[in-house]
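Below is run31.cif, which holds mmCIF, C-alpha atoms.
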data_run
#
loop_
_atom_site.group_PDB
_atom_site.id
_atom_site.type_symbol
_atom_site.label_atom_id
_atom_site.label_comp_id
_atom_site.auth_asym_id
_atom_site.auth_seq_id
_atom_site.Cartn_x
_atom_site.Cartn_y
_atom_site.Cartn_z
ATOM 1 C CA MET A 1 89.295 83.011 117.642
ATOM 2 C CA ARG A 2 91.646 80.060 117.638
ATOM 3 C CA LEU A 3 93.863 79.427 114.647
ATOM 4 C CA SER A 4 94.532 75.997 113.274
ATOM 5 C CA ILE A 5 98.151 75.072 112.709
ATOM 6 C CA GLU A 6 97.397 71.945 110.693
ATOM 7 C CA THR A 7 100.160 72.838 108.270
ATOM 8 C CA GLU A 8 100.065 69.669 106.172
ATOM 9 C CA GLN A 9 96.852 70.892 104.495
ATOM 10 C CA ARG A 10 98.009 74.471 103.942
ATOM 11 C CA GLN A 11 98.956 75.487 100.407
ATOM 12 C CA VAL A 12 101.890 77.758 99.788
ATOM 13 C CA THR A 13 100.616 81.197 98.773
ATOM 14 C CA SER A 14 102.546 84.186 97.524
ATOM 15 C CA SER A 15 101.579 87.556 96.053
ATOM 16 C CA PRO A 16 102.638 91.176 95.837
ATOM 17 C CA ALA A 17 101.687 93.104 98.965
ATOM 18 C CA THR A 18 102.203 96.423 100.664
ATOM 19 C CA LEU A 19 103.279 96.574 104.306
ATOM 20 C CA GLN A 20 101.515 99.422 106.075
ATOM 21 C CA LYS A 21 103.076 100.895 109.242
ATOM 22 C CA ASN A 22 101.350 104.114 110.254
ATOM 23 C CA ALA A 23 101.965 106.551 107.357
ATOM 24 C CA ILE A 24 104.700 104.378 105.803
ATOM 25 C CA ARG A 25 103.949 101.924 103.015
ATOM 26 C CA VAL A 26 106.488 99.450 101.640
ATOM 27 C CA ASP A 27 105.895 97.313 98.546
ATOM 28 C CA GLY A 28 107.084 93.730 98.581
ATOM 29 C CA ARG A 29 106.008 90.102 98.473
ATOM 30 C CA LEU A 30 103.922 88.279 101.072
ATOM 31 C CA SER A 31 104.392 84.505 101.207
ATOM 32 C CA LEU A 32 102.720 81.810 103.254
ATOM 33 C CA ASN A 33 104.485 78.533 103.813
ATOM 34 C CA ARG A 34 104.025 75.684 106.275
ATOM 35 C CA GLU A 35 105.606 77.465 109.239
ATOM 36 C CA THR A 36 105.724 81.218 108.588
ATOM 37 C CA LEU A 37 104.106 84.198 106.962
ATOM 38 C CA ASP A 38 106.945 86.102 105.298
ATOM 39 C CA PHE A 39 107.167 89.629 103.931
ATOM 40 C CA LYS A 40 110.147 90.759 101.904
ATOM 41 C CA SER A 41 110.447 94.312 100.617
ATOM 42 C CA PHE A 42 111.231 94.977 96.967
ATOM 43 C CA SER A 43 113.494 97.786 98.188
ATOM 44 C CA ALA A 44 117.166 97.064 98.750
ATOM 45 C CA ASP A 45 117.443 99.448 101.724
ATOM 46 C CA GLY A 46 115.857 96.902 104.094
ATOM 47 C CA LEU A 47 114.422 99.455 106.517
ATOM 48 C CA TYR A 48 111.173 97.496 106.805
ATOM 49 C CA GLY A 49 111.562 93.774 106.678
ATOM 50 C CA PRO A 50 112.075 91.125 105.950
ATOM 51 C CA TYR A 51 109.522 89.854 108.450
ATOM 52 C CA HIS A 52 109.120 86.174 109.338
ATOM 53 C CA LEU A 53 105.950 85.650 111.381
ATOM 54 C CA PRO A 54 105.662 82.122 112.830
ATOM 55 C CA LEU A 55 102.157 80.758 112.214
ATOM 56 C CA LYS A 56 102.010 79.292 115.721
ATOM 57 C CA GLU A 57 102.377 82.829 117.146
ATOM 58 C CA ILE A 58 99.578 84.368 115.068
ATOM 59 C CA VAL A 59 96.510 84.801 117.270
ATOM 60 C CA LYS A 60 94.168 86.719 114.955
ATOM 61 C CA VAL A 61 93.845 87.605 111.276
ATOM 62 C CA GLU A 62 91.161 89.955 110.017
ATOM 63 C CA THR A 63 90.425 92.241 107.116
ATOM 64 C CA CYS A 64 91.140 95.941 107.575
ATOM 65 C CA TRP A 65 91.284 99.177 105.614
ATOM 66 C CA GLY A 66 94.405 100.343 103.844
ATOM 67 C CA LYS A 67 94.985 103.957 104.795
ATOM 68 C CA GLY A 68 96.465 106.947 103.050
ATOM 69 C CA ALA A 69 98.869 108.969 105.216
ATOM 70 C CA GLY A 70 98.196 106.430 107.952
ATOM 71 C CA ILE A 71 94.746 107.846 108.749
ATOM 72 C CA LEU A 72 92.436 108.085 105.721
ATOM 73 C CA PRO A 73 90.762 104.795 104.710
ATOM 74 C CA ILE A 74 91.351 104.345 100.977
ATOM 75 C CA THR A 75 91.006 100.621 100.241
ATOM 76 C CA PRO A 76 89.218 97.687 101.903
ATOM 77 C CA ASP A 77 91.950 95.323 100.657
ATOM 78 C CA GLY A 78 93.936 95.038 103.858
ATOM 79 C CA ILE A 79 94.583 92.314 106.396
ATOM 80 C CA GLN A 80 95.807 92.757 109.943
ATOM 81 C CA VAL A 81 97.852 89.990 111.539
ATOM 82 C CA SER A 82 97.971 90.042 115.356
ATOM 83 C CA MET A 83 100.769 88.184 117.115
ATOM 84 C CA SER A 84 100.845 86.596 120.579
ATOM 85 C CA ASN A 85 103.322 89.249 121.789
ATOM 86 C CA GLY A 86 100.884 92.057 120.889
ATOM 87 C CA ASP A 87 102.575 93.152 117.651
ATOM 88 C CA LYS A 88 100.279 93.879 114.710
ATOM 89 C CA TYR A 89 101.171 93.881 111.030
ATOM 90 C CA GLN A 90 98.990 95.299 108.270
ATOM 91 C CA PHE A 91 99.313 94.304 104.641
ATOM 92 C CA ILE A 92 97.414 95.483 101.586
ATOM 93 C CA VAL A 93 96.826 92.498 99.306
ATOM 94 C CA ALA A 94 94.620 91.385 96.444
ATOM 95 C CA ASN A 95 91.827 89.129 97.701
ATOM 96 C CA PRO A 96 92.189 89.783 101.434
ATOM 97 C CA GLU A 97 89.406 87.316 102.293
ATOM 98 C CA THR A 98 91.431 84.523 100.667
ATOM 99 C CA TRP A 99 94.464 85.428 102.786
ATOM 100 C CA VAL A 100 92.354 85.475 105.964
ATOM 101 C CA GLU A 101 90.898 82.073 105.086
ATOM 102 C CA SER A 102 94.348 80.615 104.309
ATOM 103 C CA LEU A 103 95.761 81.875 107.597
ATOM 104 C CA THR A 104 92.840 80.769 109.763
ATOM 105 C CA SER A 105 92.022 77.355 108.287
#
structure tokens encoding of this file:
Amino acid sequence: MRLSIETEQRQVTSSPATLQKNAIRVDGRLSLNRETLDFKSFSADGLYGPYHLPLKEIVKVETCWGKGAGILPITPDGIQVSMSNGDKYQFIVANPETWVESLTS
């Protein structure tokens, strides 16, 4: 799958989201702008995030399951963002199909 980086047509999107890393879940805000996908935690401790993922380095975006304890599928409202360096980020969001479409169009 090849992603388009025609950023002039992309709308800015932002919504509450949960970052999922193995068994750890962190609530915050996911935002899409012309150059990056950003996640900022609501927590002041800053252990996870903020993350700034350049759109030109995103190679794949797909829906995934949100998991309880990092192993039990509990919600189909997840997206997984795969980067060119092999890193993967999972977020639980409302309307995951809309996020996938926004990131791949």
Exercise for the section: Between A:Phe39, A:Thr18, A:Ala23, A:Leu32, single out the one closest to Pro73 (chain A), counting all atoms listed in the file. Expected result: A:Ala23
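The closest residue to Glu35 (chain A), picked from A:Lys88, A:Lys21, A:Lys67, A:His52 and counting only C-alpha atoms, is A:His52.
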May I have the residues within 10 Å of Gly68 (chain A) as an mmCIF file with C-alpha atoms, in the frame of the given file, using only C-alpha atoms and disregarding those fewer than 2 positions away in the same chain?
data_model
loop_
_atom_site.group_PDB
_atom_site.id
_atom_site.type_symbol
_atom_site.label_atom_id
_atom_site.label_comp_id
_atom_site.auth_asym_id
_atom_site.auth_seq_id
_atom_site.Cartn_x
_atom_site.Cartn_y
_atom_site.Cartn_z
ATOM 1 C CA GLN A 20 101.515 99.422 106.075
ATOM 2 C CA ASN A 22 101.350 104.114 110.254
ATOM 3 C CA ALA A 23 101.965 106.551 107.357
ATOM 4 C CA ILE A 24 104.700 104.378 105.803
ATOM 5 C CA ARG A 25 103.949 101.924 103.015
ATOM 6 C CA TRP A 65 91.284 99.177 105.614
ATOM 7 C CA GLY A 66 94.405 100.343 103.844
ATOM 8 C CA GLY A 70 98.196 106.430 107.952
ATOM 9 C CA ILE A 71 94.746 107.846 108.749
ATOM 10 C CA LEU A 72 92.436 108.085 105.721
ATOM 11 C CA PRO A 73 90.762 104.795 104.710
ATOM 12 C CA ILE A 74 91.351 104.345 100.977
ATOM 13 C CA THR A 75 91.006 100.621 100.241
#
Exercise for the section: Quick one: apply the PyMOL selection byres ((chain A and resi 77) around 10) to the file and drop the selected residues here as a ChimeraX atom specification. Expected result: /A:63-66,74-76,78-79,91-97
Can you write just those residues out, C-alpha atoms, as a PDB file, in the coordinates of the input?
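Saved file out.pdb follows:
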ATOM      1  CA  THR A  63      90.425  92.241 107.116  1.00  0.00           C
ATOM      2  CA  CYS A  64      91.140  95.941 107.575  1.00  0.00           C
ATOM      3  CA  TRP A  65      91.284  99.177 105.614  1.00  0.00           C
ATOM      4  CA  GLY A  66      94.405 100.343 103.844  1.00  0.00           C
ATOM      5  CA  ILE A  74      91.351 104.345 100.977  1.00  0.00           C
ATOM      6  CA  THR A  75      91.006 100.621 100.241  1.00  0.00           C
ATOM      7  CA  PRO A  76      89.218  97.687 101.903  1.00  0.00           C
ATOM      8  CA  GLY A  78      93.936  95.038 103.858  1.00  0.00           C
ATOM      9  CA  ILE A  79      94.583  92.314 106.396  1.00  0.00           C
ATOM     10  CA  PHE A  91      99.313  94.304 104.641  1.00  0.00           C
ATOM     11  CA  ILE A  92      97.414  95.483 101.586  1.00  0.00           C
ATOM     12  CA  VAL A  93      96.826  92.498  99.306  1.00  0.00           C
ATOM     13  CA  ALA A  94      94.620  91.385  96.444  1.00  0.00           C
ATOM     14  CA  ASN A  95      91.827  89.129  97.701  1.00  0.00           C
ATOM     15  CA  PRO A  96      92.189  89.783 101.434  1.00  0.00           C
ATOM     16  CA  GLU A  97      89.406  87.316 102.293  1.00  0.00           C
TER      17      GLU A  97
END
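The interatomic distance for the pair CA of Asp38 (chain A) and CA of Tyr51 (chain A) works out to 5.5 Å.
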Practice task
Using CA of Leu53 (chain A) and CA of Pro16 (chain A) as the two end points, give the distance in Å to one decimal.
Solution key: 16.8 Å
Exercise for the section: May I ask which of the residues A:Leu103, A:Ala69, A:Leu37, A:Val59 is the closest one to Gly86 (chain A), counting all atoms listed in the file? Expected result: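 Nearest to Gly86 (chain A): A:Val59.
Between Thr13 (chain A) and the residues A:Met83, A:Leu47, A:Leu30, A:Leu55, the shortest atom-to-atom distance, using all atoms listed in the file, involves A:Leu30.
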Padding of 5 Å on every side, edges along x, y and z, all listed atoms of region 90-102 of chain A included: what centre and edge lengths in Å, to one decimal, does that box have, as JSON?
{"center_x": 94.4, "center_y": 88.0, "center_z": 102.4, "size_x": 19.9, "size_y": 24.9, "size_z": 21.8}
Problem - Atomic separation - CA of Tyr48 (chain A) relative to CA of Val100 (chain A), Å - result: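 The value is 22.3 Å.
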Exercise for the section: Would you kindly return, as JSON, numbers by chain, each protein, DNA or RNA residue with an atom no farther than 10 Å from any atom of Glu57 (chain A), considering only C-alpha atoms and excluding same-chain residues fewer than 3 positions away? Expected result: {"A": [3, 5, 36, 53, 54, 60, 82, 83, 84, 85]}
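The smallest atom-to-atom distance between Arg34 (chain A) and any of A:Gly49, A:Val81, A:Glu62, A:Ser102, using only C-alpha atoms, is found for A:Ser102.
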Practice task
Have a look at A:Lys56, A:Ala44, A:Asp27, A:Val61 and name the one nearest to Tyr89 (chain A); count all atoms listed in the file.
Solution key: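 Result for the nearest residue to Tyr89 (chain A): A:Val61.
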Practice task
Please write as a list in words the full residue list that the PyMOL selection byres ((chain A and resi 42) around 8) yields on this file.
Solution key: Asp27, Gly28, Arg29, Lys40, Ser41, Ser43 and Ala44 of chain A
Export, as a PDB file, in the coordinates of the input, the selected residues with C-alpha atoms.
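Resulting contents of result.pdb:
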ATOM      1  CA  ASP A  27     105.895  97.313  98.546  1.00  0.00           C
ATOM      2  CA  GLY A  28     107.084  93.730  98.581  1.00  0.00           C
ATOM      3  CA  ARG A  29     106.008  90.102  98.473  1.00  0.00           C
ATOM      4  CA  LYS A  40     110.147  90.759 101.904  1.00  0.00           C
ATOM      5  CA  SER A  41     110.447  94.312 100.617  1.00  0.00           C
ATOM      6  CA  SER A  43     113.494  97.786  98.188  1.00  0.00           C
ATOM      7  CA  ALA A  44     117.166  97.064  98.750  1.00  0.00           C
TER       8      ALA A  44
END
File for region 40-63 of chain A (N, CA and C atoms), as a tab-separated table (two decimals), in the first residue's frame:
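To be explicit, this is the file written out as part_19.tsv:
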chain	number	residue	atom	x	y	z
A	40	LYS	N	-0.65	13.42	22.10
A	40	LYS	CA	-0.21	14.06	23.34
A	40	LYS	C	-1.05	13.50	24.48
A	41	SER	N	-0.37	12.98	25.49
A	41	SER	CA	-1.02	12.40	26.65
A	41	SER	C	-1.71	13.47	27.49
A	42	PHE	N	-2.84	13.10	28.10
A	42	PHE	CA	-3.49	13.99	29.05
A	42	PHE	C	-2.71	14.04	30.36
A	43	SER	N	-1.89	13.03	30.60
A	43	SER	CA	-1.13	12.93	31.84
A	43	SER	C	0.07	13.86	31.82
A	44	ALA	N	0.36	14.45	32.95
A	44	ALA	CA	1.49	15.37	33.06
A	44	ALA	C	2.83	14.65	33.21
A	45	ASP	N	2.82	13.34	33.51
A	45	ASP	CA	4.08	12.65	33.75
A	45	ASP	C	4.92	12.46	32.49
A	46	GLY	N	4.28	12.44	31.31
A	46	GLY	CA	5.02	12.39	30.06
A	46	GLY	C	5.79	11.12	29.79
A	47	LEU	N	5.43	10.02	30.43
A	47	LEU	CA	6.15	8.77	30.18
A	47	LEU	C	5.93	8.25	28.77
A	48	TYR	N	4.75	8.46	28.23
A	48	TYR	CA	4.43	8.02	26.87
A	48	TYR	C	3.95	9.19	26.05
A	49	GLY	N	4.84	9.69	25.23
A	49	GLY	CA	4.51	10.81	24.38
A	49	GLY	C	5.10	12.09	24.95
A	50	PRO	N	4.95	13.16	24.24
A	50	PRO	CA	4.20	13.22	23.00
A	50	PRO	C	4.93	12.53	21.85
A	51	TYR	N	4.14	12.09	20.88
A	51	TYR	CA	4.68	11.47	19.67
A	51	TYR	C	4.33	12.35	18.49
A	52	HIS	N	5.29	12.56	17.61
A	52	HIS	CA	5.11	13.33	16.38
A	52	HIS	C	5.55	12.42	15.23
A	53	LEU	N	4.59	11.86	14.51
A	53	LEU	CA	4.87	10.90	13.45
A	53	LEU	C	4.75	11.59	12.10
A	54	PRO	N	5.88	11.82	11.41
A	54	PRO	CA	5.82	12.48	10.10
A	54	PRO	C	5.01	11.65	9.11
A	55	LEU	N	4.08	12.29	8.41
A	55	LEU	CA	3.23	11.57	7.46
A	55	LEU	C	4.05	10.91	6.37
A	56	LYS	N	5.14	11.53	5.95
A	56	LYS	CA	5.95	10.96	4.87
A	56	LYS	C	6.67	9.68	5.30
A	57	GLU	N	6.71	9.40	6.62
A	57	GLU	CA	7.36	8.18	7.10
A	57	GLU	C	6.35	7.08	7.46
A	58	ILE	N	5.07	7.37	7.33
A	58	ILE	CA	4.04	6.36	7.58
A	58	ILE	C	3.91	5.49	6.34
A	59	VAL	N	4.07	4.18	6.50
A	59	VAL	CA	4.00	3.28	5.35
A	59	VAL	C	2.71	2.47	5.30
A	60	LYS	N	2.00	2.36	6.43
A	60	LYS	CA	0.77	1.58	6.45
A	60	LYS	C	-0.10	2.01	7.63
A	61	VAL	N	-1.40	2.09	7.38
A	61	VAL	CA	-2.37	2.37	8.43
A	61	VAL	C	-3.50	1.38	8.25
A	62	GLU	N	-3.88	0.71	9.32
A	62	GLU	CA	-4.95	-0.28	9.24
A	62	GLU	C	-5.71	-0.33	10.55
A	63	THR	N	-6.93	-0.84	10.48
A	63	THR	CA	-7.69	-1.01	11.71
A	63	THR	C	-7.12	-2.20	12.48
